[in-house]
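Report on one structure; see the data block that follows.
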Amino acid sequence: MGSRETGSERRCKFFSLTETPEDYTIIVDEEGFLELPSSEHLSVADATWLALNVVSGGGSFSSSQPIGVTKIAKSVIAPLADQNISVFMLSTYQTDFILVRERDLPFVTHTLSSEFTILRVVNGETVAAENLGITNGFVKPKMVQRPVIHPLSSPSNRFCVTSLDPDTLPTVATLLMDVMFYSNGVKDPLASGDDCDHIRFFSFSLIEGYISLVMDVQTQQRFPSNLLFTSASGELWKMVRIGGQPLGFDECGIVAQISEPLAAADIPAYYISTFKFDHALVPEENINGVISALKVSQAEKH
Amino acid sequence: MSGSKPDILWAPHQVDRFVVCDSELSLYHVESTVNSELKAGSLRLSEDSAATLLSINSETPYMKCVAWYLSYDPECLLAVGQANGRVVLTSLGQDHNSKFRDLIGKEFVPKHARQCNTLAWNPVDNNWLAAGLDKHRADFSVLIWDICSKYTPDIVPMEKVRLSVGETETSLLVTKPLYELGQNDACLSLCWLPRDQKLLLAGMHRNLAIFDLRNTSQKMFVNTKAVQGVTVDPYFHDRVASFYEGQVAIWDLRKFEKPVLTLTEQPKPLTKVAWCPTRTGLLATLTRDSNIIRLYDMQHTPTPIGDETEPTIIERSVQPCDNYIASFAWHPTSQNRMIVVTPNRTMSDFTVFERISLAWSPITSLMWACGRHLYECAEEENDNSLEKDIATKMRLRALSRYGLDTEQVWRNHILAGNEDPQLKSLWYTLHFMKQYTEDMDQKSPGNKGSLVYAGIKSIVKSSLGMVESSRHNWSGLDKQSDIQNLNEERILALQLCGWIKKGTDVDVGPFLNSLVQEGEWERAAAVALFNLDIRRAIQILNEGASSGKGDLNLNVVAMALSGYTDEKNSLWREMCSTLRLQLNNPYLCIMFAFLTSEAGSYDGVLYENKVAVRDRVAFACKFLSDSQLNRYIEKLTNEMKEAGNLEGILLTGLTKDGVDLMESYVDRTGDVQTASYCMLQGSPLDVLKDERVQYWIENYRNLLDAWRFWHKRAEFDIHRSKLDPSSKPLAQVFVSCNFCGKSISYSCSTVPHQGRGFSQYGVSGSPTKSKVTSCPGCRKPLPRCALCLINMGTPVSSCPAVLLLMGFLWMQ
């Protein structure tokens with residue numbers, strides 16, 4: 001488990017922009033935030049968040065391991081939910097980031113220290129995180145069922161998660177701008193006309209030099225072939241959108257509610273939180289199973 | 001590479017080929033231009049080599065890294081890592097019927113596309129190719145491909161492999177790696193470890209990891225920033241270099257916790273680090289925007305020991321061209337040869353010169369090493385006029401026991417080869433000093449003896465202030481007015497100068513005779529003259545002219561001399577004082593200087609540097625007043641000290657002044673041998689303790705050791721200990737008690753002095769000592785002789801066994 005202080009280097013090294021029908025969500029480190037123009041249109045979530053990142057150090061190398069959020073559902077997400085620590089997820093092509101409030105860090109460290117070696121990145125060098133000395137006041141959490149609380153929806157788009165060579169970024173810069181800010185769905189009359197479940201969703205992140213893109217198949221086709229990094233198997237993903245009302249930043253356990261059933265079923269997933277809602281991506285062939293499993297969980301609530 | 005910055009690689013087996021890769025691959029052939037003109041289209045690489053372009057391959061776009069197939073390939077098989085993580089095998093050859101035909105064009109595809117950062121062929125199994133890729137959340141970053149694998153396994157269904165247009169030859173696609181390592185991590189650099197075929201060292205995102213393919217679930221890793229460019233020392237398989245920004249870290253894999261060494265940080269980020277394949281411990285590094293290659297020589301530290309001892313390294317740099325260097329490559333076999341390429345693809349082929357290490361042998365030969373060559377330079381064995389090196393001289397002198405004749409001390413100059421007038425003067429001085437010290441001690445045991453060794457300067461000083469007595473009148477010359485009364489000190493000084501012999505006799509006759517015998521006519525004549533015996537002088541000169549060996553012109557000189565007149569304004573005087581300067585012989589010259597000088601001023605004699613110091617001093621003793629003499633001696637002493645002239649020892653004696661003089665002599669000649677023996681001749685202890693003296697002595701001993709003259713060393717040490725008892729070595733052999741282990745000699749000796757142990761407990765047979773039959777430490781009995789059962793500690797002679805033994809020894 002690595003804890004990365006988002007503000008430890010001079011230039012912006014953590015940038016993520018996600019377009020949803022409601023808004024654009026920007027996750028940025030402190031240096032990047034200073035570069036943003038102040039605007040009345042900009043709503044900023046309170047507190048500073050730290051990005052945690054699970055690094056596999058040895059362990060099993062089975063290739064059939066479920067990936068992403070699913071892998072860390074039991075070891076990271078559930079324990080944090082049990083301790084009532086609110087998390088914010090950002091999956092990328094390269095890894096999964098779990099953002100926690102800076103003030104929660106001692107609790108996070110304590111919670112996870114039983115399962116992980118906690119390291120801190122200071123100026124690029126990995127050092128052991130200091131023991132923050134919190135040992136008391138923790139109630140051993142009881143195993144609770146975590147029913148899905150919020151309403152779910154599943155748009156019809158098929159998504160792909162890709163990356164590209166940073167050297168080729170300039171060649172697609174205009175296209176990216178167009179896709180993110182000027183398309184507004186109208187370029188795709190087929191999808192918007194036929195399918196009312198279609199959602200506008202596009203995510204771009206540039207974190208420590210690595211680019212990650214999440215887009216639907218229609219958008220992907222606008223990119224030159226061979227430019228985007230994809231998987232050899234050409235896997236595609238479908239989305240589960242969580243939340244009817246804006247979720248806010250304080251409620252705990254939302255990620256856990258979704259990821260635990262997926263982990264139980266061994267289904268890999270991406271998870272992208274935005275300012276208002278959460279989005280899970282699962283393989284398209286699993287979407288029906290996922291929806292029904294989550295529906296069951298939802299039903300348990302009532 | 002990324003299109004702009006070219007990289008360069010030597011072919012691992014075809015020593016005259018290399019590849020430059022940027023957006024395409026260009027194969028070049030290197031040719032010597034020593035005996036031929038530069039061919040059209042060739043690129044000059046150095047003064048005597050040029051490169052010809054053989055072929056270009058632009059079939060592989062998005063190149064990120066290239067690695068040359070390690071076993072012999074006539075077709076230049078290369079693996080190219082691309083931006084999308086695919087590894088393509090390609091070739092630069094023209095012959096497509098080669099055995100690699102099937103391999104060319106083969107692609108190795110990772111499950112999830114991302115940049116391929118590095119490639120490494122396995123040096124043992126040539127078909128294994130390791131590729132290091134960027135991070136993917138679910139995929140592995142180190143993939144090991146078998147380039148001969150012919151199938152696409154069933155795990156990934158063929159229909160799911162979405163191929164881009166034109167990729168119809170699916171048989172050329174391989175999607176199943178032999179090994180997958182480093183999940184959810186990035187791999188920035190790779191290198192196979194020569195220790196085992198299945199050990200792979202990888203620079204991962206934030207750590208260096210050693211993967212063992214025999215057990216892929218295990219890895220050894222160490223957290224570090226220095227994860228770029230891992231490379232193993234080809235001569236020292238546990239030594240690995242890696243870098244991060246401007247810093248190179250050197251690791252010892254046996255102690256894989258932290259770098260054993262970090263090299264001085266460069267201001268700009270490093271781009272390449274490579275061990276020299278033809279020379280041990282030489283690491284070359286290159287930084288961005290730099291026109292120099294920095295070299296680190298770790299020759300002296302094959303095994304760094306411990307945490308504290310930081311190995312020493314020698315840093316230097318080479319500048320092969322004026323432009324910035326984009327990349328470099330060591331030649332795989334030519335010693336220290338390297339090729340560099342600049343961003344605009346100019347290339348330069350050069351050899352890194354070795355530092356030249358040089359060593360003098362203790363016997364004058366000189367040796368130096370450059371690369372793998374050793375050069376020796378020895379002194380030629382001939383007796384020509386060329387001055388021999390002092391080391392040779394000292395060695396020869398040591399062999400002839402120079403310095404060890406303590407009876408006839410003057411003979412030492414003969415032992416030294418009888419060629420150096422300074423040495424001759426020195427040893428005569430020391431001889432006289434010894435002689436007259438003994439004389440003095442016999443006559444009046446007092447402090448005079450030590451005065452002799454203190455030199456004429458001190459002797460003369462001691463006479464200062466004594467009342468000057470009346471002058472003698474000598475016949476034949478008017479100079480008698482200047483003749484000084486010879487007091488005891490002046491006589492001693494004259495004796496030391498060798499003009500007069502032992503006893504109170506002030507006759508120079510015997511000295512003159514000995515000079516005449518040696519054929520030193522001019523000197524003898526001068527001495528005779530200075531003793532106001534002009535007849536004798538003329539007689540000596542005649543003798544010299546007629547002896548055959550001497551110069552016939554001596555007769556002419558004798559004639560001139562006989563015309564002496566004491567009239568002040570005579571023609572004789574005028575002519576002599578001007579023409580004397582044209583005389584070659586200094587003694588003849590000073591004779592006329594003396595005769596033509598004004599009374600009381602003899603500078604022409606006193607400051608004639610070609611005349612032996614002893615003669616000038618003797619002259620001064622005879623003709624100068626006390627105060628003049630003192631001033632003159634003082635001045636001359638300083639002159640001698642400055643010049644390091646050994647004749648000056650006559651004045652300084654073996655005092656601190658003498659050490660000063662000897663210091664400039666040693667500085668001038670390096671002759672520590674003479675310095676040591678001279679100082680050991682009779683110096684007082686406080687002079688011997690002078691650190692300079694000790695330094696000369698120690699150096700001379702080391703020199704004897706270096707020559708392996710063990711016996712000479714022992715002789716020298718014995719000689720030394722006679723004068724300086726404190727230099728006696730401590731006893732090194734003790735008899736210790738069987739029971740308590742304590743030294744018997746030590747505990748029973750009443751005198752607490754080491755080194756005399758045996759005599760203390762009576763082996764030497766001293767009848768006054770009580771015999772010891774039991775250990776004084778524990779009171780247990782000492783062992784007995786096996787034959788006579790007499791206890792140890794009994795006089796030797798009484799034991800028959802010992803007698804028997806000695807008998808045997810005698811018979812040998």
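By order in the structure tokens, chains are A, B, ...; within a chain, residues start at 1; ligands start at 1, following the order shown.
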**Study point:** Backbone DSSP call of strand (DSSP E or B) for segment 147-255 of chain A, listed as JSON, numbers by chain
**Key:** {"A": [152, 153, 158, 159, 160, 161, 162, 163, 164, 202, 203, 204, 205, 206, 207, 210, 211, 212, 213, 214, 215, 216, 228, 229, 231, 237, 238, 239, 240, 241, 242]}
Point to revise | Residues of chain B within 8 Å of chain A, only C-alpha atoms counted, as an NGL selection string | key: :B and (2 or 83-84 or 109-115 or 135-138 or 156 or 160-162 or 164 or 180-185 or 206 or 216-219 or 223-225)
Check your understanding: Which of segment 564-709 of chain B counts as helix (DSSP H, G or I) under DSSP, as a ChimeraX atom specification please?
Key -> /B:571-582,586-596,603-606,613-623,626-643,646-652,656-669,672-679,685-688,691-706
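In this comparison, which uses only C-alpha atoms, the residue of A:Pro79, A:Gly289, A:Gly243, A:Gly32 approaching Val108 of chain A most closely is A:Pro79.
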Surrounding residues of Asp671 of chain B excluding itself and chain neighbours under 3 positions, 9 Å, only C-alpha atoms, as a JSON list (two decimals) with N, CA, C and O atoms, in the first residue's frame:
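Generated file (selection_0.json):
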```
[["chain", "number", "residue", "atom", "x", "y", "z"],
["B", 390, "ILE", "N", 71.47, 7.17, -8.59],
["B", 390, "ILE", "CA", 71.88, 7.03, -7.19],
["B", 390, "ILE", "C", 71.45, 5.69, -6.61],
["B", 390, "ILE", "O", 72.15, 5.11, -5.78],
["B", 391, "ALA", "N", 70.31, 5.16, -7.11],
["B", 391, "ALA", "CA", 69.87, 3.86, -6.60],
["B", 391, "ALA", "C", 70.87, 2.77, -6.97],
["B", 391, "ALA", "O", 71.19, 1.90, -6.16],
["B", 393, "LYS", "N", 74.02, 3.26, -7.60],
["B", 393, "LYS", "CA", 75.22, 3.52, -6.81],
["B", 393, "LYS", "C", 75.06, 2.97, -5.40],
["B", 393, "LYS", "O", 75.94, 2.29, -4.87],
["B", 394, "MET", "N", 73.93, 3.28, -4.80],
["B", 394, "MET", "CA", 73.74, 2.85, -3.41],
["B", 394, "MET", "C", 73.74, 1.34, -3.32],
["B", 394, "MET", "O", 74.26, 0.76, -2.37],
["B", 665, "TYR", "N", 71.89, 17.87, 1.14],
["B", 665, "TYR", "CA", 72.58, 16.87, 0.32],
["B", 665, "TYR", "C", 71.61, 15.78, -0.13],
["B", 665, "TYR", "O", 71.57, 15.43, -1.32],
["B", 666, "VAL", "N", 70.79, 15.30, 0.80],
["B", 666, "VAL", "CA", 69.84, 14.24, 0.45],
["B", 666, "VAL", "C", 68.80, 14.78, -0.52],
["B", 666, "VAL", "O", 68.42, 14.10, -1.48],
["B", 667, "ASP", "N", 68.39, 16.01, -0.28],
["B", 667, "ASP", "CA", 67.43, 16.62, -1.21],
["B", 667, "ASP", "C", 68.01, 16.67, -2.62],
["B", 667, "ASP", "O", 67.30, 16.51, -3.60],
["B", 668, "ARG", "N", 69.29, 16.89, -2.69],
["B", 668, "ARG", "CA", 69.93, 17.04, -3.97],
["B", 668, "ARG", "C", 70.20, 15.69, -4.62],
["B", 668, "ARG", "O", 70.03, 15.52, -5.83],
["B", 674, "THR", "N", 74.52, 7.29, 2.44],
["B", 674, "THR", "CA", 75.61, 8.07, 3.01],
["B", 674, "THR", "C", 75.12, 8.84, 4.23],
["B", 674, "THR", "O", 75.80, 8.89, 5.26],
["B", 675, "ALA", "N", 73.93, 9.42, 4.10],
["B", 675, "ALA", "CA", 73.38, 10.19, 5.21],
["B", 675, "ALA", "C", 73.25, 9.32, 6.45],
["B", 675, "ALA", "O", 73.63, 9.73, 7.56],
["B", 676, "SER", "N", 72.72, 8.11, 6.28],
["B", 676, "SER", "CA", 72.53, 7.23, 7.43],
["B", 676, "SER", "C", 73.87, 6.86, 8.07],
["B", 676, "SER", "O", 74.05, 7.00, 9.28],
["B", 696, "TRP", "N", 65.91, 9.09, 7.33],
["B", 696, "TRP", "CA", 66.90, 8.55, 6.39],
["B", 696, "TRP", "C", 67.21, 7.10, 6.73],
["B", 696, "TRP", "O", 67.29, 6.25, 5.84],
["B", 700, "TYR", "N", 66.58, 3.94, 4.39],
["B", 700, "TYR", "CA", 67.67, 3.09, 3.92],
["B", 700, "TYR", "C", 67.38, 1.63, 4.26],
["B", 700, "TYR", "O", 67.62, 0.74, 3.43]]
```
Point to revise | Two-atom distance - atom CA of Ser114 of chain A, atom CA of Lys74 of chain A (Å) | key: 13.1 Å
Check your understanding: Leaving out Thr342 of chain B and any residue of its chain fewer than 3 positions from it, which residues lie within 12 Å of it when counting only C-alpha atoms, given as number ranges by chain?
Key -> B: 4-8, 20-22, 45, 288-292, 320-328, 339, 345-349
Point to revise | Nearest candidate to Tyr564 of chain B (options B:Phe594, B:Trp427, B:Tyr179, B:Tyr607; using only C-alpha atoms) | key: B:Phe594
Study note, to complete from the structure: One decimal place gives the atom CA of Ile149 of chain A-atom CA of Phe249 of chain A separation as 15.2 Å
Point to revise | Close residues, segment 55-72 of chain B itself excluded, 9 Å, only C-alpha atoms, min 4 positions apart in chain, as a ChimeraX atom specification | key: /B:1-3,7,9-14,21-28,76-85,88,90-94,115-123,126-127
Since we have the selection now, will you write its residues out, keeping N, CA and C atoms, as a CSV table (one decimal), in the first residue's frame?
```csv
chain,number,residue,atom,x,y,z
B,1,MET,N,14.7,6.5,-27.5
B,1,MET,CA,14.8,7.0,-28.9
B,1,MET,C,13.7,8.0,-29.3
B,2,SER,N,12.5,7.4,-29.2
B,2,SER,CA,11.3,8.2,-29.5
B,2,SER,C,11.5,9.2,-30.7
B,3,GLY,N,12.2,8.6,-31.8
B,3,GLY,CA,12.2,9.4,-33.0
B,3,GLY,C,13.3,10.4,-33.1
B,7,ASP,N,20.1,6.0,-30.8
B,7,ASP,CA,20.9,5.1,-29.9
B,7,ASP,C,21.8,4.3,-30.9
B,9,LEU,N,24.4,0.7,-31.2
B,9,LEU,CA,24.7,-0.7,-30.7
B,9,LEU,C,25.8,-1.3,-31.6
B,10,TRP,N,26.7,-1.9,-31.0
B,10,TRP,CA,27.7,-2.7,-31.7
B,10,TRP,C,27.1,-4.1,-31.9
B,11,ALA,N,27.4,-4.7,-33.0
B,11,ALA,CA,27.0,-6.1,-33.2
B,11,ALA,C,27.7,-7.0,-32.2
B,12,PRO,N,27.1,-7.9,-31.5
B,12,PRO,CA,27.8,-8.7,-30.5
B,12,PRO,C,28.8,-9.6,-31.1
B,13,HIS,N,28.7,-10.0,-32.3
B,13,HIS,CA,29.7,-10.9,-32.9
B,13,HIS,C,30.4,-10.5,-34.1
B,14,GLN,N,29.8,-9.6,-34.9
B,14,GLN,CA,30.5,-9.1,-36.1
B,14,GLN,C,31.1,-7.8,-35.6
B,21,CYS,N,20.0,3.6,-34.3
B,21,CYS,CA,18.5,3.5,-34.4
B,21,CYS,C,17.9,4.8,-33.8
B,22,ASP,N,17.1,5.4,-34.6
B,22,ASP,CA,16.2,6.5,-34.1
B,22,ASP,C,14.8,6.2,-34.6
B,23,SER,N,14.4,6.7,-35.7
B,23,SER,CA,13.0,6.3,-36.2
B,23,SER,C,13.2,5.1,-37.1
B,24,GLU,N,14.4,4.8,-37.6
B,24,GLU,CA,14.6,3.6,-38.3
B,24,GLU,C,16.0,3.0,-37.9
B,25,LEU,N,16.2,1.8,-38.4
B,25,LEU,CA,17.5,1.2,-38.0
B,25,LEU,C,18.4,1.2,-39.2
B,26,SER,N,19.6,1.7,-38.9
B,26,SER,CA,20.6,1.8,-40.0
B,26,SER,C,21.9,0.9,-39.6
B,27,LEU,N,22.2,0.0,-40.5
B,27,LEU,CA,23.4,-0.8,-40.2
B,27,LEU,C,24.6,-0.3,-40.9
B,28,TYR,N,25.7,-0.2,-40.2
B,28,TYR,CA,26.9,0.4,-40.8
B,28,TYR,C,28.0,-0.6,-40.7
B,76,CYS,N,21.9,-10.1,-38.6
B,76,CYS,CA,21.7,-9.0,-37.7
B,76,CYS,C,20.3,-9.0,-37.2
B,77,LEU,N,19.9,-10.0,-36.5
B,77,LEU,CA,18.6,-10.1,-35.9
B,77,LEU,C,18.5,-9.2,-34.7
B,78,LEU,N,17.4,-8.4,-34.7
B,78,LEU,CA,17.2,-7.4,-33.7
B,78,LEU,C,15.8,-7.6,-33.1
B,79,ALA,N,15.7,-7.3,-31.8
B,79,ALA,CA,14.4,-7.2,-31.2
B,79,ALA,C,14.1,-5.8,-31.0
B,80,VAL,N,12.9,-5.4,-31.4
B,80,VAL,CA,12.5,-4.0,-31.2
B,80,VAL,C,11.3,-3.9,-30.3
B,81,GLY,N,11.4,-3.1,-29.2
B,81,GLY,CA,10.3,-2.9,-28.3
B,81,GLY,C,9.6,-1.6,-28.8
B,82,GLN,N,8.2,-1.7,-28.9
B,82,GLN,CA,7.5,-0.6,-29.4
B,82,GLN,C,6.7,0.1,-28.4
B,83,ALA,N,6.1,1.2,-28.8
B,83,ALA,CA,5.4,2.1,-27.9
B,83,ALA,C,4.2,1.4,-27.3
B,84,ASN,N,3.6,0.5,-28.1
B,84,ASN,CA,2.4,-0.2,-27.6
B,84,ASN,C,2.7,-1.5,-26.9
B,85,GLY,N,4.0,-1.7,-26.6
B,85,GLY,CA,4.4,-2.9,-25.8
B,85,GLY,C,4.7,-4.1,-26.6
B,88,VAL,N,9.0,-6.8,-31.7
B,88,VAL,CA,9.0,-7.3,-33.0
B,88,VAL,C,10.4,-7.7,-33.3
B,90,THR,N,13.2,-8.2,-36.1
B,90,THR,CA,13.4,-7.7,-37.4
B,90,THR,C,14.9,-7.9,-37.7
B,91,SER,N,15.2,-7.7,-39.0
B,91,SER,CA,16.6,-8.0,-39.4
B,91,SER,C,17.1,-7.0,-40.3
B,92,LEU,N,18.4,-6.9,-40.4
B,92,LEU,CA,19.0,-5.9,-41.3
B,92,LEU,C,19.8,-6.6,-42.4
B,93,GLY,N,19.6,-7.9,-42.5
B,93,GLY,CA,20.4,-8.6,-43.5
B,93,GLY,C,19.6,-8.6,-44.8
B,94,GLN,N,20.3,-9.0,-45.8
B,94,GLN,CA,19.7,-9.1,-47.2
B,94,GLN,C,19.3,-10.5,-47.5
B,115,GLN,N,3.7,1.0,-23.2
B,115,GLN,CA,5.0,1.2,-23.7
B,115,GLN,C,6.0,0.1,-23.3
B,116,CYS,N,6.8,-0.4,-24.2
B,116,CYS,CA,7.9,-1.3,-23.9
B,116,CYS,C,9.1,-0.5,-23.6
B,117,ASN,N,9.6,-0.6,-22.3
B,117,ASN,CA,10.7,0.3,-21.9
B,117,ASN,C,12.1,-0.3,-22.2
B,118,THR,N,12.2,-1.6,-22.1
B,118,THR,CA,13.5,-2.3,-22.2
B,118,THR,C,13.4,-3.7,-22.6
B,119,LEU,N,14.5,-4.2,-23.2
B,119,LEU,CA,14.6,-5.5,-23.7
B,119,LEU,C,15.9,-6.1,-23.3
B,120,ALA,N,15.9,-7.4,-23.0
B,120,ALA,CA,17.1,-8.1,-22.6
B,120,ALA,C,17.1,-9.5,-23.1
B,121,TRP,N,18.1,-9.9,-23.9
B,121,TRP,CA,18.2,-11.3,-24.3
B,121,TRP,C,18.9,-12.1,-23.2
B,122,ASN,N,18.4,-13.3,-23.0
B,122,ASN,CA,19.1,-14.1,-22.1
B,122,ASN,C,20.5,-14.6,-22.6
B,123,PRO,N,21.5,-14.4,-21.9
B,123,PRO,CA,22.9,-14.7,-22.4
B,123,PRO,C,23.1,-16.2,-22.5
B,126,ASN,N,19.6,-18.4,-25.7
B,126,ASN,CA,19.5,-17.3,-26.7
B,126,ASN,C,18.1,-17.0,-27.2
B,127,ASN,N,17.2,-18.0,-26.9
B,127,ASN,CA,15.8,-17.7,-27.4
B,127,ASN,C,15.0,-17.0,-26.4
```
